[in-house]
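> Below is the file model-v5.cif, with mmCIF, C-alpha atoms.
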data_target
#
loop_
_atom_site.label_atom_id
_atom_site.label_comp_id
_atom_site.auth_asym_id
_atom_site.auth_seq_id
_atom_site.Cartn_x
_atom_site.Cartn_y
_atom_site.Cartn_z
CA MET W 5 0.00 0.00 0.00
CA ILE W 6 1.33 3.44 -0.92
CA GLU W 7 1.87 5.62 2.13
CA LEU W 8 -0.64 8.46 2.43
CA LYS W 9 2.03 11.13 2.13
CA GLU W 10 3.26 9.63 -1.14
CA ARG W 11 -0.18 9.65 -2.76
CA HIS W 12 -1.55 12.53 -4.81
CA CYS W 13 -4.91 14.22 -4.77
CA ARG W 14 -7.20 13.43 -7.66
CA PRO W 15 -10.18 15.42 -8.94
CA CYS W 16 -13.50 14.27 -7.48
CA LYS W 17 -15.85 12.34 -9.74
CA GLU W 18 -19.25 13.76 -10.64
CA GLY W 19 -21.65 12.80 -7.84
CA GLU W 20 -18.87 11.38 -5.61
CA LYS W 21 -20.02 10.87 -2.04
CA PRO W 22 -18.06 11.94 1.05
CA LEU W 23 -16.29 9.23 3.06
CA ASN W 24 -18.44 7.56 5.70
CA SER W 25 -17.28 7.46 9.34
CA ASP W 26 -15.57 4.08 9.00
CA GLN W 27 -13.69 5.06 5.86
CA ALA W 28 -12.64 8.35 7.45
CA ALA W 29 -11.51 6.59 10.66
CA GLU W 30 -9.45 4.13 8.64
CA LEU W 31 -7.63 6.87 6.76
CA LYS W 32 -7.19 8.84 9.98
CA SER W 33 -5.45 5.81 11.50
CA LEU W 34 -2.82 6.08 8.75
CA LEU W 35 -1.82 9.58 9.87
CA LEU W 36 1.23 9.63 12.12
CA THR W 37 0.08 12.39 14.51
CA PRO W 38 -3.31 13.14 16.09
CA TRP W 39 -5.84 14.93 13.88
CA HIS W 40 -9.48 15.56 14.72
CA ILE W 41 -12.57 14.94 12.64
CA LYS W 42 -15.17 17.64 13.29
CA GLU W 43 -18.85 17.22 12.44
CA HIS W 44 -17.98 14.25 10.17
CA GLU W 45 -16.79 16.63 7.49
CA MET W 46 -13.63 18.43 8.56
CA LEU W 47 -10.18 17.15 9.40
CA THR W 48 -8.37 19.58 11.70
CA LYS W 49 -5.15 20.00 13.60
CA GLU W 50 -3.46 22.81 15.47
CA PHE W 51 0.30 23.28 15.27
CA VAL W 52 2.15 25.47 17.77
CA PHE W 53 5.50 27.11 17.01
CA GLU W 54 8.08 28.86 19.10
CA ASN W 55 7.51 32.15 17.29
CA PHE W 56 5.43 33.88 14.62
CA LYS W 57 8.19 33.69 12.02
CA ARG W 58 8.30 29.90 12.19
CA ALA W 59 4.52 29.73 12.08
CA MET W 60 4.54 31.83 8.90
CA ALA W 61 7.28 29.71 7.31
CA PHE W 62 5.16 26.62 7.98
CA VAL W 63 2.15 28.32 6.37
CA GLN W 64 4.19 29.06 3.25
CA GLU W 65 5.17 25.41 2.97
CA ILE W 66 1.56 24.36 3.31
CA GLY W 67 0.80 26.78 0.50
CA LEU W 68 3.21 24.95 -1.79
CA ILE W 69 1.65 21.57 -0.99
CA ALA W 70 -1.82 23.00 -1.55
CA GLU W 71 -0.84 24.30 -4.97
CA GLN W 72 0.95 21.08 -5.96
CA GLU W 73 -2.06 18.98 -4.99
CA ASN W 74 -4.64 21.56 -6.02
CA HIS W 75 -6.34 20.96 -2.67
CA HIS W 76 -6.38 23.92 -0.30
CA PRO W 77 -6.84 23.67 3.45
CA ALA W 78 -8.26 26.56 5.42
CA ILE W 79 -5.36 28.01 7.43
CA CYS W 80 -5.78 30.23 10.46
CA ILE W 81 -2.76 31.88 12.05
CA HIS W 82 -3.12 33.14 15.61
CA TYR W 83 0.35 34.40 16.43
CA THR W 84 2.29 31.15 17.06
CA ARG W 85 -0.65 28.80 16.53
CA VAL W 86 -1.62 27.54 13.08
CA GLU W 87 -4.96 25.81 12.70
CA ILE W 88 -5.48 23.65 9.63
CA THR W 89 -8.91 22.56 8.44
CA LEU W 90 -9.30 20.17 5.54
CA SER W 91 -12.56 19.37 3.81
CA THR W 92 -13.60 18.58 0.24
CA HIS W 93 -16.17 21.04 -1.01
CA ASP W 94 -16.93 18.97 -4.13
CA VAL W 95 -18.18 16.01 -2.11
CA GLY W 96 -19.63 18.03 0.77
CA GLY W 97 -17.45 16.34 3.38
CA LEU W 98 -14.25 14.36 3.64
CA SER W 99 -12.43 12.66 0.78
CA GLU W 100 -9.13 10.82 0.61
CA ASN W 101 -7.60 14.08 -0.66
CA ASP W 102 -7.99 15.61 2.80
CA PHE W 103 -5.97 12.83 4.40
CA ILE W 104 -3.31 12.96 1.71
CA VAL W 105 -2.75 16.68 2.28
CA ALA W 106 -2.83 16.12 6.07
CA ALA W 107 -0.11 13.47 5.73
CA LYS W 108 2.04 15.80 3.66
CA ILE W 109 1.54 18.62 6.18
CA GLU W 110 2.48 16.53 9.21
CA ASP W 111 5.54 15.38 7.29
CA LEU W 112 6.87 18.96 7.00
CA MET E 26 -1.27 64.84 11.92
CA ILE E 27 0.81 61.84 10.91
CA GLU E 28 -1.12 59.49 8.64
CA LEU E 29 -2.09 56.20 10.31
CA LYS E 30 0.00 54.11 7.93
CA GLU E 31 3.11 56.16 8.76
CA ARG E 32 2.74 55.67 12.51
CA HIS E 33 4.33 52.81 14.43
CA CYS E 34 2.92 50.54 17.08
CA ARG E 35 4.06 51.17 20.62
CA PRO E 36 4.04 48.80 23.60
CA CYS E 37 0.93 49.15 25.76
CA LYS E 38 1.31 50.82 29.13
CA GLU E 39 0.63 48.91 32.32
CA GLY E 40 -3.12 49.10 32.99
CA GLU E 41 -3.87 50.78 29.65
CA LYS E 42 -7.57 50.69 28.80
CA PRO E 43 -9.00 49.71 25.41
CA LEU E 44 -10.32 52.48 23.15
CA ASN E 45 -13.93 53.42 23.77
CA SER E 46 -16.44 53.37 20.88
CA ASP E 47 -15.93 57.02 19.97
CA GLN E 48 -12.16 56.74 19.93
CA ALA E 49 -12.36 53.57 17.84
CA ALA E 50 -14.83 55.17 15.40
CA GLU E 51 -12.57 58.16 14.98
CA LEU E 52 -9.55 56.01 14.12
CA LYS E 53 -11.69 53.83 11.85
CA SER E 54 -12.65 56.97 9.92
CA LEU E 55 -8.97 57.47 9.11
CA LEU E 56 -8.77 54.13 7.31
CA LEU E 57 -9.13 54.40 3.53
CA THR E 58 -11.22 51.26 2.97
CA PRO E 59 -14.11 49.71 4.93
CA TRP E 60 -13.19 47.73 8.03
CA HIS E 61 -15.59 46.36 10.60
CA ILE E 62 -15.51 46.59 14.37
CA LYS E 63 -16.84 43.40 15.94
CA GLU E 64 -18.04 43.23 19.54
CA HIS E 65 -16.25 46.51 20.29
CA GLU E 66 -12.93 44.68 20.46
CA MET E 67 -11.93 43.42 17.04
CA LEU E 68 -11.15 45.21 13.82
CA THR E 69 -11.75 42.94 10.83
CA LYS E 70 -11.68 42.93 7.06
CA GLU E 71 -11.89 40.30 4.36
CA PHE E 72 -9.75 40.56 1.25
CA VAL E 73 -10.52 38.49 -1.86
CA PHE E 74 -7.91 37.59 -4.46
CA GLU E 75 -8.07 36.13 -7.93
CA ASN E 76 -6.22 33.02 -6.85
CA PHE E 77 -4.67 31.23 -3.87
CA LYS E 78 -1.12 32.19 -4.85
CA ARG E 79 -1.92 35.89 -4.62
CA ALA E 80 -3.74 35.37 -1.34
CA MET E 81 -0.65 33.66 0.08
CA ALA E 82 1.67 36.40 -1.19
CA PHE E 83 -0.53 38.94 0.59
CA VAL E 84 -0.35 36.91 3.80
CA GLN E 85 3.44 36.89 3.63
CA GLU E 86 3.50 40.67 3.32
CA ILE E 87 1.21 40.98 6.32
CA GLY E 88 3.65 38.77 8.18
CA LEU E 89 6.45 41.24 7.53
CA ILE E 90 4.38 44.18 8.78
CA ALA E 91 3.37 42.19 11.86
CA GLU E 92 7.00 41.46 12.67
CA GLN E 93 8.16 45.04 12.03
CA GLU E 94 5.44 46.43 14.28
CA ASN E 95 5.49 43.54 16.74
CA HIS E 96 1.70 43.46 16.48
CA HIS E 97 0.21 40.32 14.97
CA PRO E 98 -3.22 40.10 13.43
CA ALA E 99 -5.07 36.81 13.29
CA ILE E 100 -5.06 35.72 9.63
CA CYS E 101 -7.43 33.14 8.16
CA ILE E 102 -6.97 31.92 4.62
CA HIS E 103 -9.90 30.24 2.93
CA TYR E 104 -8.64 29.57 -0.58
CA THR E 105 -8.80 33.04 -2.20
CA ARG E 106 -10.26 34.86 0.81
CA VAL E 107 -8.06 36.27 3.56
CA GLU E 108 -9.74 37.37 6.77
CA ILE E 109 -7.79 39.71 9.04
CA THR E 110 -8.71 40.26 12.67
CA LEU E 111 -6.89 42.83 14.79
CA SER E 112 -7.21 43.18 18.52
CA THR E 113 -4.86 44.12 21.35
CA HIS E 114 -4.63 41.38 23.91
CA ASP E 115 -2.75 43.58 26.40
CA VAL E 116 -5.65 46.04 26.74
CA GLY E 117 -8.42 43.48 26.24
CA GLY E 118 -9.84 45.27 23.21
CA LEU E 119 -8.83 47.78 20.56
CA SER E 120 -5.83 50.08 20.71
CA GLU E 121 -4.37 52.51 18.20
CA ASN E 122 -1.93 49.74 17.24
CA ASP E 123 -4.77 47.81 15.58
CA PHE E 124 -5.62 50.74 13.34
CA ILE E 125 -1.99 51.39 12.48
CA VAL E 126 -1.50 47.81 11.31
CA ALA E 127 -4.84 47.94 9.46
CA ALA E 128 -3.70 51.08 7.62
CA LYS E 129 -0.44 49.40 6.64
CA ILE E 130 -2.29 46.30 5.43
CA GLU E 131 -4.78 48.19 3.29
CA ASP E 132 -1.83 50.10 1.82
CA LEU E 133 -0.25 46.88 0.47
#
In C-alpha cells, what does this structure look like?


Amino acid sequence: MIELKERHCRPCKEGEKPLNSDQAAELKSLLLTPWHIKEHEMLTKEFVFENFKRAMAFVQEIGLIAEQENHHPAICIHYTRVEITLSTHDVGGLSENDFIVAAKIEDL
Amino acid sequence: MIELKERHCRPCKEGEKPLNSDQAAELKSLLLTPWHIKEHEMLTKEFVFENFKRAMAFVQEIGLIAEQENHHPAICIHYTRVEITLSTHDVGGLSENDFIVAAKIEDL
C-alpha cells in the first residue's frame, strides 16, 4: 500500500459521495500524529510554534503543498498557533484528498 | 497629523484601557477602505484575491508588517479569501496599534 504522504490528490468524480465514518476513521489511523474529525466533514489539527516567524514559514510550505495537490486547506494563524482545516467542497465532506494533504503537512 | 499608515505601534502601558467606541470610530474613519468593528474589540476585514497564490503572497507581506510592528493580526486563509482580525490582547480590546497595522495592510 502506498503511504498516504506519497499519494496525490485526484479530482472528485461527478456525484462522488463523502467518506463515511468508517472510511474516514481508517484513513485517519494512517496519519502519524493526532488529527481531529469535526462534524464528520472536517479534518483539523493545530500546530504550535516557538515564534510567529516559524509559524509563517510553515504556512508558506503548506501553500506549496496546496498548490501542488490543487487541494487547499483553510489556514488560520493566531500568532504562534496555526490551525489547519481540511474538507472537500466537491463532495460536501471528507475525501481521501484531505488525508493525503494532512499526511504531507504533518511530514513537513 | 501623521497618517495612520506612517505611525508605528508602541508597547501598551501597564493598565492601559482599550479604546472606547468614539475613539475607535474616529480612528476607523482614518482608514481608507471599509473595516468592521466586531463586539467593540476586534477590527476585521476580508480581502478576496483572484487566486490562492496571490492570497498567500498577501499573507506573507502581512507577516512582515506584523514582525516590524510587533503586532500580529489573526489571519485566516480560505482559498482566495483572507480574513484579518486585529485586537490588542494587552488592553483586552482595541488600541491605536490595531488601526496602524490595518492602515499598513490596506496600503499593500

> Convert the output of the PyMOL selection byres ((chain E) within 6 of (chain W)) on the shown file into explicit residues, formatted as an mmCIF file with C-alpha atoms, keeping the file's coordinate frame.


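File part_23.cif, as written:
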data_model
loop_
_atom_site.group_PDB
_atom_site.id
_atom_site.type_symbol
_atom_site.label_atom_id
_atom_site.label_comp_id
_atom_site.auth_asym_id
_atom_site.auth_seq_id
_atom_site.Cartn_x
_atom_site.Cartn_y
_atom_site.Cartn_z
ATOM 1 C CA ALA E 99 -5.070 36.810 13.290
ATOM 2 C CA ILE E 100 -5.060 35.720 9.630
ATOM 3 C CA CYS E 101 -7.430 33.140 8.160
ATOM 4 C CA ILE E 102 -6.970 31.920 4.620
ATOM 5 C CA HIS E 103 -9.900 30.240 2.930
#

> I want to know what sits within 9 Å of stretch 44-54 of chain W, based on only C-alpha atoms, with residues of the same chain fewer than 4 positions away left out; could you give that as a ChimeraX atom specification?

/W:22-25,28,32,38-40,58-59,83-92,96-99,102-103,106

> Just need the box for stretch 62-67 of chain W, edges along x, y and z, holding every atom the file lists for it with 5 Å tacked onto each side, so centre and edge lengths in Å to one decimal, as AutoDock Vina command-line options.


--center_x 3.0 --center_y 26.7 --center_z 4.2 --size_x 14.4 --size_y 14.7 --size_z 17.5

> For the structure shown, which residues end up in the PyMOL selection byres ((chain E and resi 132) around 10)? Put them as a list of chain:residue names, please?

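After applying the PyMOL selection byres ((chain E and resi 132) around 10), what remains is E:Lys30, E:Leu56, E:Leu57, E:Thr58, E:Val126, E:Ala127, E:Ala128, E:Lys129, E:Ile130, E:Glu131, E:Leu133.
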
> Can you work out the spacing between atom CA of W:Leu8 and atom CA of W:Ile66 in Å, to one decimal?

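Separating atom CA of W:Leu8 from atom CA of W:Ile66 is a distance of 16.1 Å.
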